[in-house]
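Chemist: My structure file start_20.csv, CSV, C-alpha atoms, is below:
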```csv
chain,number,residue,atom,x,y,z
A,3,MET,CA,-101.4,-60.0,90.0
A,4,LYS,CA,-98.5,-61.9,88.7
A,5,VAL,CA,-95.6,-62.3,91.2
A,6,LEU,CA,-92.1,-63.5,90.6
A,7,LEU,CA,-90.3,-64.7,93.8
A,8,LEU,CA,-86.5,-64.8,93.8
A,9,CYS,CA,-85.5,-67.1,96.6
A,10,ASN,CA,-82.1,-67.8,98.2
A,11,LYS,CA,-83.1,-71.5,98.5
A,12,SER,CA,-85.9,-73.7,97.3
A,13,PRO,CA,-89.2,-73.1,99.1
A,14,TYR,CA,-89.9,-76.8,98.6
A,15,PRO,CA,-89.6,-78.9,100.7
A,16,ALA,CA,-90.6,-76.5,103.5
A,17,LYS,CA,-88.5,-78.1,106.3
A,18,GLU,CA,-86.8,-75.1,107.9
A,19,GLY,CA,-87.6,-71.5,108.7
A,20,GLY,CA,-86.8,-69.8,105.4
A,21,PRO,CA,-88.5,-72.2,103.1
A,22,ILE,CA,-91.5,-72.5,105.4
A,23,ALA,CA,-91.9,-68.7,105.4
A,24,MET,CA,-91.6,-68.5,101.6
A,25,SER,CA,-94.1,-71.3,101.2
A,26,MET,CA,-96.6,-69.5,103.3
A,27,ILE,CA,-96.5,-66.6,100.9
A,28,ILE,CA,-96.5,-68.7,97.8
A,29,GLU,CA,-99.4,-70.9,98.9
A,30,GLY,CA,-101.3,-67.8,100.2
A,31,LEU,CA,-101.0,-65.8,97.0
A,32,ILE,CA,-102.1,-68.8,94.9
A,33,ARG,CA,-105.0,-69.4,97.2
A,34,ALA,CA,-106.0,-65.7,96.8
A,35,GLY,CA,-106.1,-66.1,93.1
A,36,HIS,CA,-102.8,-64.6,92.0
A,37,SER,CA,-100.2,-66.1,89.7
A,38,VAL,CA,-96.8,-67.1,91.2
A,39,LYS,CA,-93.4,-67.9,89.5
A,40,VAL,CA,-90.5,-69.1,91.6
A,41,LEU,CA,-86.8,-68.8,90.7
A,42,ALA,CA,-84.5,-70.2,93.5
A,43,VAL,CA,-80.9,-70.8,94.3
A,44,ASN,CA,-80.0,-74.5,94.6
A,45,SER,CA,-77.0,-74.5,96.8
A,46,ASN,CA,-74.6,-77.2,98.1
A,47,LYS,CA,-76.0,-76.3,101.6
A,48,TYR,CA,-79.6,-76.8,100.7
A,49,TYR,CA,-79.8,-78.9,97.5
A,50,VAL,CA,-83.0,-80.1,96.0
A,51,GLU,CA,-83.6,-82.4,93.0
A,52,LEU,CA,-86.1,-80.7,90.8
A,53,SER,CA,-87.6,-84.1,90.0
A,54,SER,CA,-88.3,-84.7,93.7
A,55,ILE,CA,-90.7,-81.8,93.7
A,56,PRO,CA,-94.3,-82.9,93.1
A,57,GLU,CA,-95.6,-82.2,89.6
A,58,ALA,CA,-98.6,-80.3,91.0
A,59,TYR,CA,-96.3,-77.9,92.9
A,60,ARG,CA,-94.0,-77.4,89.8
A,61,ASN,CA,-97.1,-76.7,87.6
A,62,LYS,CA,-98.6,-74.1,89.9
A,63,THR,CA,-95.3,-72.3,90.7
A,64,GLY,CA,-93.3,-72.8,87.5
A,65,ILE,CA,-90.4,-73.3,89.9
A,66,GLU,CA,-86.9,-73.2,88.4
A,67,LEU,CA,-83.7,-74.0,90.4
A,68,VAL,CA,-80.2,-72.8,89.5
A,69,ASP,CA,-77.1,-74.5,91.0
A,70,VAL,CA,-74.9,-72.0,92.9
A,71,ASP,CA,-71.9,-73.1,95.0
A,72,LEU,CA,-72.1,-71.2,98.3
A,73,SER,CA,-69.0,-72.8,99.8
A,74,VAL,CA,-66.8,-70.4,101.8
A,75,ARG,CA,-63.5,-70.1,99.9
A,76,PRO,CA,-60.6,-68.9,102.2
A,77,LEU,CA,-58.8,-67.0,99.4
A,78,ALA,CA,-62.0,-65.3,98.2
A,79,ALA,CA,-62.9,-64.4,101.8
A,80,PHE,CA,-59.4,-63.0,102.4
A,81,ARG,CA,-59.5,-60.9,99.2
A,82,ASN,CA,-62.9,-59.6,100.2
A,83,LEU,CA,-61.3,-58.0,103.3
A,84,PHE,CA,-59.9,-55.4,101.0
A,85,THR,CA,-63.1,-54.5,99.2
A,86,SER,CA,-66.3,-52.6,100.2
A,87,ARG,CA,-68.5,-55.6,99.2
A,88,SER,CA,-70.2,-58.0,101.7
A,89,TYR,CA,-68.8,-61.5,101.3
A,90,HIS,CA,-72.1,-62.9,102.7
A,91,VAL,CA,-73.9,-61.4,99.7
A,92,GLU,CA,-71.1,-61.8,97.1
A,93,ARG,CA,-71.3,-65.6,97.2
A,94,PHE,CA,-74.8,-65.4,95.7
A,95,ILE,CA,-73.7,-63.7,92.5
A,96,SER,CA,-74.0,-66.2,89.6
A,97,SER,CA,-73.9,-65.6,85.9
A,98,LYS,CA,-76.1,-68.6,85.3
A,99,LEU,CA,-78.7,-67.3,87.7
A,100,GLU,CA,-78.6,-63.9,86.0
A,101,THR,CA,-79.0,-65.4,82.6
A,102,THR,CA,-82.0,-67.5,83.8
A,103,LEU,CA,-83.6,-64.4,85.4
A,104,ILE,CA,-83.2,-62.4,82.2
A,105,ARG,CA,-84.8,-65.2,80.2
A,106,ILE,CA,-87.8,-65.3,82.5
A,107,LEU,CA,-88.2,-61.5,82.6
A,108,GLN,CA,-88.1,-61.4,78.8
A,109,ALA,CA,-90.6,-64.2,78.4
A,110,GLU,CA,-93.2,-63.0,81.0
A,111,LYS,CA,-94.5,-59.7,82.4
A,112,PHE,CA,-94.8,-59.4,86.2
A,113,ASP,CA,-96.5,-56.9,88.5
A,114,ILE,CA,-94.3,-57.7,91.5
A,115,VAL,CA,-90.8,-59.1,91.8
A,116,GLN,CA,-90.2,-60.1,95.4
A,117,PHE,CA,-86.7,-60.7,96.6
A,118,GLU,CA,-86.6,-63.3,99.4
A,119,MET,CA,-83.9,-62.0,101.7
A,120,LEU,CA,-81.1,-59.5,101.2
A,121,TYR,CA,-78.8,-62.1,99.6
A,122,MET,CA,-80.7,-61.9,96.3
A,123,SER,CA,-80.2,-58.1,96.1
A,124,PRO,CA,-77.4,-58.2,93.5
A,125,TYR,CA,-80.1,-58.9,90.9
A,126,VAL,CA,-82.1,-55.7,91.5
A,127,LYS,CA,-80.4,-54.0,88.5
A,128,VAL,CA,-81.2,-56.9,86.3
A,129,VAL,CA,-84.9,-56.7,87.1
A,130,ARG,CA,-84.9,-52.9,86.6
A,131,LYS,CA,-83.3,-53.3,83.2
A,132,TYR,CA,-85.7,-56.1,81.9
A,133,SER,CA,-88.9,-55.4,83.8
A,134,ASP,CA,-91.2,-52.5,84.9
A,135,ALA,CA,-92.5,-54.6,87.8
A,136,ARG,CA,-92.4,-53.1,91.3
A,137,ILE,CA,-89.6,-54.6,93.4
A,138,VAL,CA,-90.2,-55.8,97.0
A,139,LEU,CA,-87.6,-56.9,99.5
A,140,ARG,CA,-89.1,-59.6,101.8
A,141,ALA,CA,-86.8,-59.2,104.8
A,142,HIS,CA,-86.9,-62.4,106.9
A,143,ASN,CA,-84.6,-60.7,109.4
A,144,ILE,CA,-82.0,-58.0,109.9
A,145,GLU,CA,-79.0,-59.8,108.4
A,146,HIS,CA,-76.2,-57.9,110.1
A,147,LEU,CA,-77.9,-58.1,113.5
A,148,ILE,CA,-77.7,-62.0,113.4
A,149,TRP,CA,-73.9,-61.8,112.9
A,150,GLN,CA,-73.5,-59.0,115.3
A,151,ARG,CA,-75.1,-61.1,118.0
A,152,VAL,CA,-73.0,-64.2,117.0
A,153,SER,CA,-69.8,-62.2,117.1
A,154,ALA,CA,-70.7,-60.9,120.6
A,155,SER,CA,-70.9,-64.5,121.9
A,156,THR,CA,-67.7,-65.7,120.1
A,157,LYS,CA,-64.9,-66.4,122.5
A,158,ASN,CA,-62.0,-66.7,120.0
A,159,PRO,CA,-60.7,-63.1,119.7
A,160,VAL,CA,-59.4,-63.6,116.1
A,161,LYS,CA,-62.7,-65.0,114.9
A,162,ARG,CA,-64.6,-62.3,116.8
A,163,PHE,CA,-62.5,-59.6,115.2
A,164,TYR,CA,-63.2,-61.0,111.7
A,165,LEU,CA,-66.9,-61.4,112.4
A,166,GLN,CA,-67.2,-57.8,113.7
A,167,TYR,CA,-65.5,-56.7,110.5
A,168,LEU,CA,-68.0,-58.6,108.4
A,169,VAL,CA,-70.8,-57.2,110.4
A,170,ARG,CA,-69.7,-53.6,109.7
A,171,LYS,CA,-69.6,-54.3,106.0
A,172,LEU,CA,-72.9,-56.2,106.0
A,173,LYS,CA,-74.6,-53.4,107.9
A,174,LYS,CA,-73.4,-50.8,105.5
A,175,TYR,CA,-74.5,-52.9,102.6
A,176,GLU,CA,-77.9,-53.6,104.1
A,177,CYS,CA,-78.6,-50.0,105.0
A,178,SER,CA,-77.6,-48.8,101.5
A,179,THR,CA,-79.2,-51.6,99.4
A,180,VAL,CA,-82.7,-51.3,100.8
A,181,ARG,CA,-82.9,-48.0,99.1
A,182,GLN,CA,-83.0,-49.8,95.7
A,183,PHE,CA,-86.4,-51.4,96.4
A,184,ASP,CA,-89.9,-50.0,95.9
A,185,GLY,CA,-91.1,-51.5,99.1
A,186,ILE,CA,-89.9,-53.5,102.1
A,187,ALA,CA,-92.0,-56.3,103.7
A,188,ALA,CA,-90.3,-56.9,107.0
A,189,ILE,CA,-91.3,-60.0,109.0
A,190,THR,CA,-91.7,-58.2,112.4
A,191,GLU,CA,-92.6,-54.7,113.6
A,192,GLN,CA,-89.1,-54.4,115.2
A,193,ASP,CA,-87.5,-55.1,111.9
A,194,ALA,CA,-89.8,-52.7,110.1
A,195,ALA,CA,-88.8,-50.0,112.6
A,196,PHE,CA,-85.1,-50.6,111.8
A,197,PHE,CA,-85.7,-50.2,108.1
A,198,ARG,CA,-87.6,-47.0,108.7
A,199,SER,CA,-84.8,-45.6,110.9
A,200,ALA,CA,-82.1,-46.7,108.5
A,201,GLY,CA,-83.0,-43.8,106.2
A,202,CYS,CA,-84.8,-45.8,103.6
A,203,LEU,CA,-85.0,-43.0,101.0
A,204,GLN,CA,-85.2,-43.2,97.3
A,205,PRO,CA,-81.9,-41.5,96.2
A,206,GLU,CA,-83.3,-39.7,93.2
A,207,ASP,CA,-86.3,-37.9,94.7
A,208,GLY,CA,-86.0,-38.3,98.5
A,209,ARG,CA,-89.3,-39.9,99.0
A,210,ARG,CA,-89.5,-42.5,101.8
A,211,ILE,CA,-89.8,-46.1,100.7
A,212,PRO,CA,-92.9,-47.9,102.1
A,213,VAL,CA,-92.2,-50.4,104.8
A,214,VAL,CA,-94.7,-52.8,106.2
A,215,ALA,CA,-94.6,-55.6,108.8
A,216,ILE,CA,-95.8,-58.9,107.3
A,217,PRO,CA,-95.3,-61.7,109.8
A,218,PHE,CA,-95.3,-65.4,109.2
A,219,GLY,CA,-98.7,-66.9,109.3
A,220,ILE,CA,-100.1,-70.4,109.6
A,221,ASP,CA,-102.9,-72.1,107.7
A,222,PRO,CA,-105.4,-73.0,110.6
A,223,ASP,CA,-106.5,-76.1,108.6
A,224,GLN,CA,-103.0,-77.6,109.0
A,225,PHE,CA,-103.3,-77.2,112.8
A,226,PRO,CA,-106.6,-78.7,113.8
A,227,GLU,CA,-107.4,-79.4,117.4
A,228,THR,CA,-106.4,-82.9,118.4
A,229,ASN,CA,-107.0,-85.4,121.2
A,230,THR,CA,-103.4,-86.7,121.0
A,231,GLU,CA,-101.9,-87.0,124.4
A,232,PRO,CA,-98.3,-85.9,124.5
A,233,GLU,CA,-95.6,-87.6,126.6
A,234,PHE,CA,-95.9,-85.6,129.8
A,235,PRO,CA,-93.6,-84.5,131.1
A,236,SER,CA,-91.1,-84.2,128.3
A,237,LEU,CA,-88.9,-81.5,126.7
A,238,PHE,CA,-88.1,-81.1,123.1
A,239,SER,CA,-86.4,-78.7,120.6
A,240,ILE,CA,-86.6,-78.7,116.8
A,241,GLY,CA,-84.6,-76.7,114.3
A,242,ALA,CA,-81.9,-76.8,111.6
A,243,MET,CA,-78.6,-77.2,113.4
A,244,ASP,CA,-76.5,-75.8,110.5
A,245,TRP,CA,-77.9,-72.4,111.5
A,246,ILE,CA,-75.4,-70.9,114.0
A,247,PRO,CA,-78.0,-69.4,116.4
A,248,ASN,CA,-79.8,-72.7,116.8
A,249,LEU,CA,-76.5,-74.7,117.4
A,250,GLU,CA,-75.2,-72.1,119.9
A,251,GLY,CA,-78.5,-72.1,121.8
A,252,ILE,CA,-78.8,-75.9,122.0
A,253,CYS,CA,-75.1,-76.2,123.1
A,254,TRP,CA,-75.7,-73.6,125.8
A,255,PHE,CA,-78.8,-75.4,127.1
A,256,LEU,CA,-77.1,-78.8,127.1
A,257,GLU,CA,-74.1,-77.5,129.0
A,258,GLN,CA,-75.7,-74.9,131.3
A,259,VAL,CA,-79.3,-76.0,132.0
A,260,TRP,CA,-79.7,-79.7,131.3
A,261,PRO,CA,-77.4,-81.0,134.1
A,262,GLN,CA,-79.5,-79.1,136.6
A,263,ILE,CA,-82.8,-80.3,135.1
A,264,HIS,CA,-81.6,-83.9,134.9
A,265,HIS,CA,-80.4,-83.8,138.5
A,266,LYS,CA,-83.8,-82.5,139.6
A,267,TYR,CA,-85.9,-84.7,137.3
A,268,PRO,CA,-83.8,-87.8,136.6
A,269,ARG,CA,-86.6,-89.6,134.6
A,270,LEU,CA,-87.3,-86.6,132.3
A,271,HIS,CA,-86.3,-86.9,128.7
A,272,TYR,CA,-85.2,-84.2,126.3
A,273,TYR,CA,-85.7,-84.8,122.6
A,274,LEU,CA,-83.6,-83.0,119.9
A,275,ALA,CA,-84.8,-83.0,116.3
A,276,GLY,CA,-83.4,-81.1,113.3
A,277,ARG,CA,-81.4,-81.3,110.1
A,278,HIS,CA,-77.6,-81.5,110.2
A,279,MET,CA,-77.5,-82.6,113.8
A,280,PRO,CA,-73.8,-82.6,114.9
A,281,GLY,CA,-72.6,-86.1,115.7
A,282,TRP,CA,-70.8,-84.9,118.8
A,283,ILE,CA,-74.1,-84.3,120.6
A,284,ARG,CA,-75.0,-88.0,120.4
A,285,GLU,CA,-71.4,-89.1,121.1
A,286,LYS,CA,-71.1,-87.0,124.2
A,287,GLY,CA,-73.9,-89.0,125.7
A,288,PHE,CA,-75.9,-86.4,127.6
A,289,PRO,CA,-78.1,-88.4,130.0
A,290,ASN,CA,-81.8,-88.8,128.8
A,291,VAL,CA,-81.1,-86.7,125.7
A,292,GLU,CA,-82.7,-88.4,122.8
A,293,VAL,CA,-81.2,-87.2,119.5
A,294,MET,CA,-83.8,-87.6,116.8
A,295,GLU,CA,-82.1,-85.7,114.0
A,296,GLU,CA,-84.4,-84.8,111.1
A,297,VAL,CA,-88.0,-86.0,111.6
A,298,GLU,CA,-90.4,-86.8,108.8
A,299,ASP,CA,-93.3,-84.7,110.1
A,300,ALA,CA,-92.4,-81.7,112.4
A,301,ILE,CA,-96.0,-81.1,113.5
A,302,THR,CA,-96.6,-84.7,114.4
A,303,PHE,CA,-93.3,-84.7,116.3
A,304,MET,CA,-94.4,-81.5,118.2
A,305,ARG,CA,-97.8,-83.0,119.1
A,306,SER,CA,-96.1,-86.1,120.6
A,307,LYS,CA,-94.0,-84.1,123.2
A,308,ALA,CA,-95.0,-81.6,125.9
A,309,ILE,CA,-92.8,-78.6,126.4
A,310,LEU,CA,-90.9,-76.8,123.6
A,311,ILE,CA,-87.5,-75.4,124.5
A,312,VAL,CA,-86.1,-72.6,122.2
A,313,PRO,CA,-82.8,-71.3,123.7
A,314,LEU,CA,-81.8,-68.5,121.3
A,315,PHE,CA,-79.4,-65.7,122.1
A,316,SER,CA,-78.6,-64.5,118.5
A,317,GLY,CA,-80.6,-64.3,115.3
A,318,SER,CA,-83.2,-61.9,114.1
A,319,GLY,CA,-86.7,-61.9,112.5
A,320,ILE,CA,-89.3,-64.3,113.8
A,321,ARG,CA,-88.9,-67.9,114.9
A,322,ILE,CA,-91.1,-70.0,112.7
A,323,LYS,CA,-90.9,-73.0,115.0
A,324,ILE,CA,-92.2,-70.9,117.9
A,325,ILE,CA,-95.2,-69.9,115.8
A,326,GLU,CA,-95.9,-73.5,114.8
A,327,GLY,CA,-95.3,-74.7,118.4
A,328,MET,CA,-97.9,-72.2,119.6
A,329,ALA,CA,-100.3,-73.3,116.9
A,330,THR,CA,-100.1,-76.8,118.2
A,331,GLY,CA,-100.9,-75.6,121.7
A,332,LYS,CA,-97.5,-76.2,123.2
A,333,PRO,CA,-96.2,-74.3,126.2
A,334,ILE,CA,-92.9,-72.7,125.0
A,335,ILE,CA,-89.9,-71.7,127.0
A,336,SER,CA,-87.6,-69.3,125.1
A,337,THR,CA,-85.4,-66.3,125.5
A,338,ALA,CA,-86.3,-62.6,125.0
A,339,VAL,CA,-84.4,-62.8,121.7
A,340,GLY,CA,-86.2,-66.0,120.7
A,341,ALA,CA,-89.6,-64.4,121.3
A,342,GLU,CA,-88.8,-61.2,119.4
A,343,GLY,CA,-91.4,-60.2,116.8
A,344,ILE,CA,-94.2,-62.3,118.4
A,345,ARG,CA,-96.8,-60.4,120.4
A,346,CYS,CA,-96.7,-62.7,123.4
A,347,THR,CA,-96.7,-62.2,127.1
A,348,HIS,CA,-94.6,-64.1,129.7
A,349,GLY,CA,-96.6,-66.4,131.9
A,350,GLN,CA,-99.7,-66.0,129.7
A,351,ASN,CA,-98.9,-67.6,126.4
A,352,ILE,CA,-95.2,-68.2,126.6
A,353,PHE,CA,-92.4,-68.4,129.2
A,354,ILE,CA,-89.4,-66.1,128.8
A,355,ALA,CA,-86.0,-67.2,130.4
A,356,ASP,CA,-82.6,-65.8,129.7
A,357,THR,CA,-80.4,-67.5,132.4
A,358,PRO,CA,-79.9,-71.1,133.5
A,359,GLU,CA,-81.8,-70.3,136.7
A,360,GLU,CA,-84.8,-68.9,134.9
A,361,PHE,CA,-84.9,-71.9,132.5
A,362,VAL,CA,-84.8,-74.2,135.5
A,363,ARG,CA,-87.6,-72.2,137.2
A,364,CYS,CA,-89.9,-72.2,134.1
A,365,ILE,CA,-89.3,-75.9,133.3
A,366,SER,CA,-90.1,-76.8,136.9
A,367,ALA,CA,-93.3,-74.7,136.9
A,368,CYS,CA,-94.5,-76.6,133.8
A,369,ILE,CA,-93.5,-80.0,135.0
A,370,GLU,CA,-95.0,-79.6,138.5
A,371,ASN,CA,-98.2,-77.8,137.3
A,372,LYS,CA,-99.8,-79.6,134.3
A,373,ILE,CA,-102.8,-77.3,134.4
A,374,LEU,CA,-100.6,-74.2,134.1
A,375,CYS,CA,-98.7,-76.0,131.3
A,376,GLU,CA,-101.9,-76.7,129.3
A,377,THR,CA,-103.4,-73.3,130.0
A,378,VAL,CA,-100.3,-71.4,128.6
A,379,GLY,CA,-100.3,-73.8,125.6
A,380,ARG,CA,-104.0,-73.1,124.9
A,381,ASN,CA,-103.5,-69.4,125.2
A,382,ALA,CA,-100.6,-69.6,122.8
A,383,ARG,CA,-102.8,-71.4,120.2
A,384,ASP,CA,-105.5,-68.7,120.6
A,385,LEU,CA,-103.0,-66.0,120.0
A,386,ILE,CA,-101.7,-67.6,116.8
A,387,LEU,CA,-105.1,-68.3,115.4
A,388,ALA,CA,-106.2,-64.7,116.0
A,389,GLU,CA,-103.1,-62.7,114.9
A,390,TYR,CA,-101.1,-65.0,112.7
A,391,ASN,CA,-103.7,-66.4,110.3
A,392,ARG,CA,-102.1,-66.8,106.8
A,393,ASP,CA,-105.1,-65.5,104.9
A,394,LEU,CA,-105.3,-62.3,106.9
A,395,ILE,CA,-101.6,-61.8,106.5
A,396,ILE,CA,-101.7,-62.4,102.7
A,397,SER,CA,-104.5,-60.0,102.4
A,398,LYS,CA,-102.3,-57.3,104.0
A,399,LEU,CA,-99.4,-58.2,101.7
A,400,ILE,CA,-101.6,-57.9,98.6
A,401,GLY,CA,-102.8,-54.5,99.9
A,402,PHE,CA,-99.1,-53.5,100.2
A,403,TYR,CA,-98.5,-54.6,96.6
A,404,GLN,CA,-101.4,-52.5,95.4
A,405,LYS,CA,-100.1,-49.5,97.3
A,406,ILE,CA,-96.7,-49.5,95.8
A,407,ARG,CA,-98.1,-50.0,92.3
A,408,GLU,CA,-100.3,-46.9,92.5
```
Once more with this new file: its structure as structure tokens, please.

Modeler:
Amino acid sequence: MKVLLLCNKSPYPAKEGGPIAMSMIIEGLIRAGHSVKVLAVNSNKYYVELSSIPEAYRNKTGIELVDVDLSVRPLAAFRNLFTSRSYHVERFISSKLETTLIRILQAEKFDIVQFEMLYMSPYVKVVRKYSDARIVLRAHNIEHLIWQRVSASTKNPVKRFYLQYLVRKLKKYECSTVRQFDGIAAITEQDAAFFRSAGCLQPEDGRRIPVVAIPFGIDPDQFPETNTEPEFPSLFSIGAMDWIPNLEGICWFLEQVWPQIHHKYPRLHYYLAGRHMPGWIREKGFPNVEVMEEVEDAITFMRSKAILIVPLFSGSGIRIKIIEGMATGKPIISTAVGAEGIRCTHGQNIFIADTPEEFVRCISACIENKILCETVGRNARDLILAEYNRDLIISKLIGFYQKIRE
């Protein structure tokens, strides 16, 4: 099959959740013998020089990047208040991107056009006009649910009111737009259930749109067993800090949990890594908190530390860093929201904590019982290798493509 992927950001380099998830599908499809073409937004938030992408990757994906300014403009945001459109999505509309897409569709014939995330949905009509390919939405999460959870935790009443308004518009848009696709590949079973319950019906004939859960998967060859001895005990977190759920979670942990942990274990170190690390975290001088910012190799960094902390209270979809952390055999302490979409069990292959007291309890259990720590990490790795293997997941996705093309 020949597949065109429309991406909201460049899948290369794969240094944060979205690009990592997109790269998994791109590499998996190519490995399975299919042809892949990539057209991606190149934004001011996630800008990539095309020349910095290796020639081999450019050749096998035919990747094209189109510059789109995603800056939030106060006047445009204000005007959007009086329209039915979602401002989150509206920012991705670009005449240059549309022109490039038309050129590609006129030059090549595709079996599948896959939209990576809801934000690319304004281009569905363009694909319908210039191609007879089946159109798939790859839903990395439930977009409105992320903002709904963010708004719930926002203390400023004016900001909360505005966010709630945006959530209502985004939810309405999300529920109506999914009906334009021939199939939806959600990233978790929970997300798939939402799309099924959202009335995903074709407007012209009433037939139900196929929905399948296609989780993120890892290439086992990239996560071989190793004899590397991590710094024990040590805590670490890794993730892009320009994503609001990550930033909110880390702030909560530093303010609500770390003081208790530091008091109890004064020699323990907590390492923070990730793109766009706010300067105030370093400036505030939290004791024994080592701010690493962006690391060159995330997996190497993970292997060098002991216990992964993922304090998420908003967001949706699946947490890529939890999957990767489990694949490296790390014991992970996260919230119920953080563990959503992963078939894990508290105390067996992950630790779930939603309050400061629960985090302190789980961290103490890991620090004071190294055997428990290692056992949970080993069980986590076994789970990922068994259920989140890239080749098995890609095989399921290809089967889904074939089904909607029948």

Chemist: Pick the closest to Pro217 in chain A from A:Val126, A:Leu67, A:Leu399, A:Leu7: which is it, counting all atoms listed in the file?

Modeler: A:Leu399

Chemist: Considering all atoms listed in the file, return as a list in words whatever protein or nucleic-acid residues lie within 12 Å of Gly281 in chain A, sequence-local ones (same chain, fewer than 6 positions apart) excluded.

Modeler: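 Returned residues: Met243, Gly287, Val293, Met294 and Glu295 of chain A.
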
Chemist: Please check which residues have atoms at most 6 Å from (-100.0, -66.7, 111.0) in the file's coordinates, counting all atoms listed in the file, and write them as an MDAnalysis selection string.

Modeler: chainID A and resid 218:220 390:392

Chemist: Taking only C-alpha atoms into account, name the residue in A:Leu120, A:Cys368, A:Glu360, A:Ile144 that is nearest to Ala194 in chain A.

Modeler: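 Using only C-alpha atoms, Ala194 in chain A sits closest to A:Ile144.
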
Chemist: Pick the closest to Tyr125 in chain A from A:Asp193, A:Glu92, A:Glu29, A:Asp384: which is it, counting only C-alpha atoms?

Modeler: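 Checking each candidate against Tyr125 in chain A, we get A:Glu92 as the closest.
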
Chemist: Between A:Arg321, A:Lys307, A:Arg136, A:His271, which one has atoms that come closest to Gly340 in chain A, using all atoms listed in the file?

Modeler: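 Of A:Arg321, A:Lys307, A:Arg136, A:His271, the one nearest Gly340 in chain A, counting all atoms listed in the file, is A:Arg321.
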
Chemist: If you measure from CA of Gly64 in chain A to CA of Leu41 in chain A, what distance in Å do you get, rounded to one decimal?

Modeler: 8.3 Å

Chemist: What is the CA of Asp221 in chain A-CA of Ser37 in chain A distance in Å, reported with one decimal?

Modeler: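 A separation of 19.2 Å between them.
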
Chemist: Identify, on the basis of only C-alpha atoms, every residue whose closest approach to Ser397 in chain A does not exceed 9 Å; exclude the query and any residue fewer than 3 positions from it along the same chain; express the result as a PyMOL selection string.

Modeler: chain A and resi 30-31+34+392-394+400-402

Chemist: Rank nothing, just name the residue among A:Leu172, A:Leu274, A:Ile216, A:Cys9 nearest to Val91 in chain A, using only C-alpha atoms.

Modeler: A:Leu172
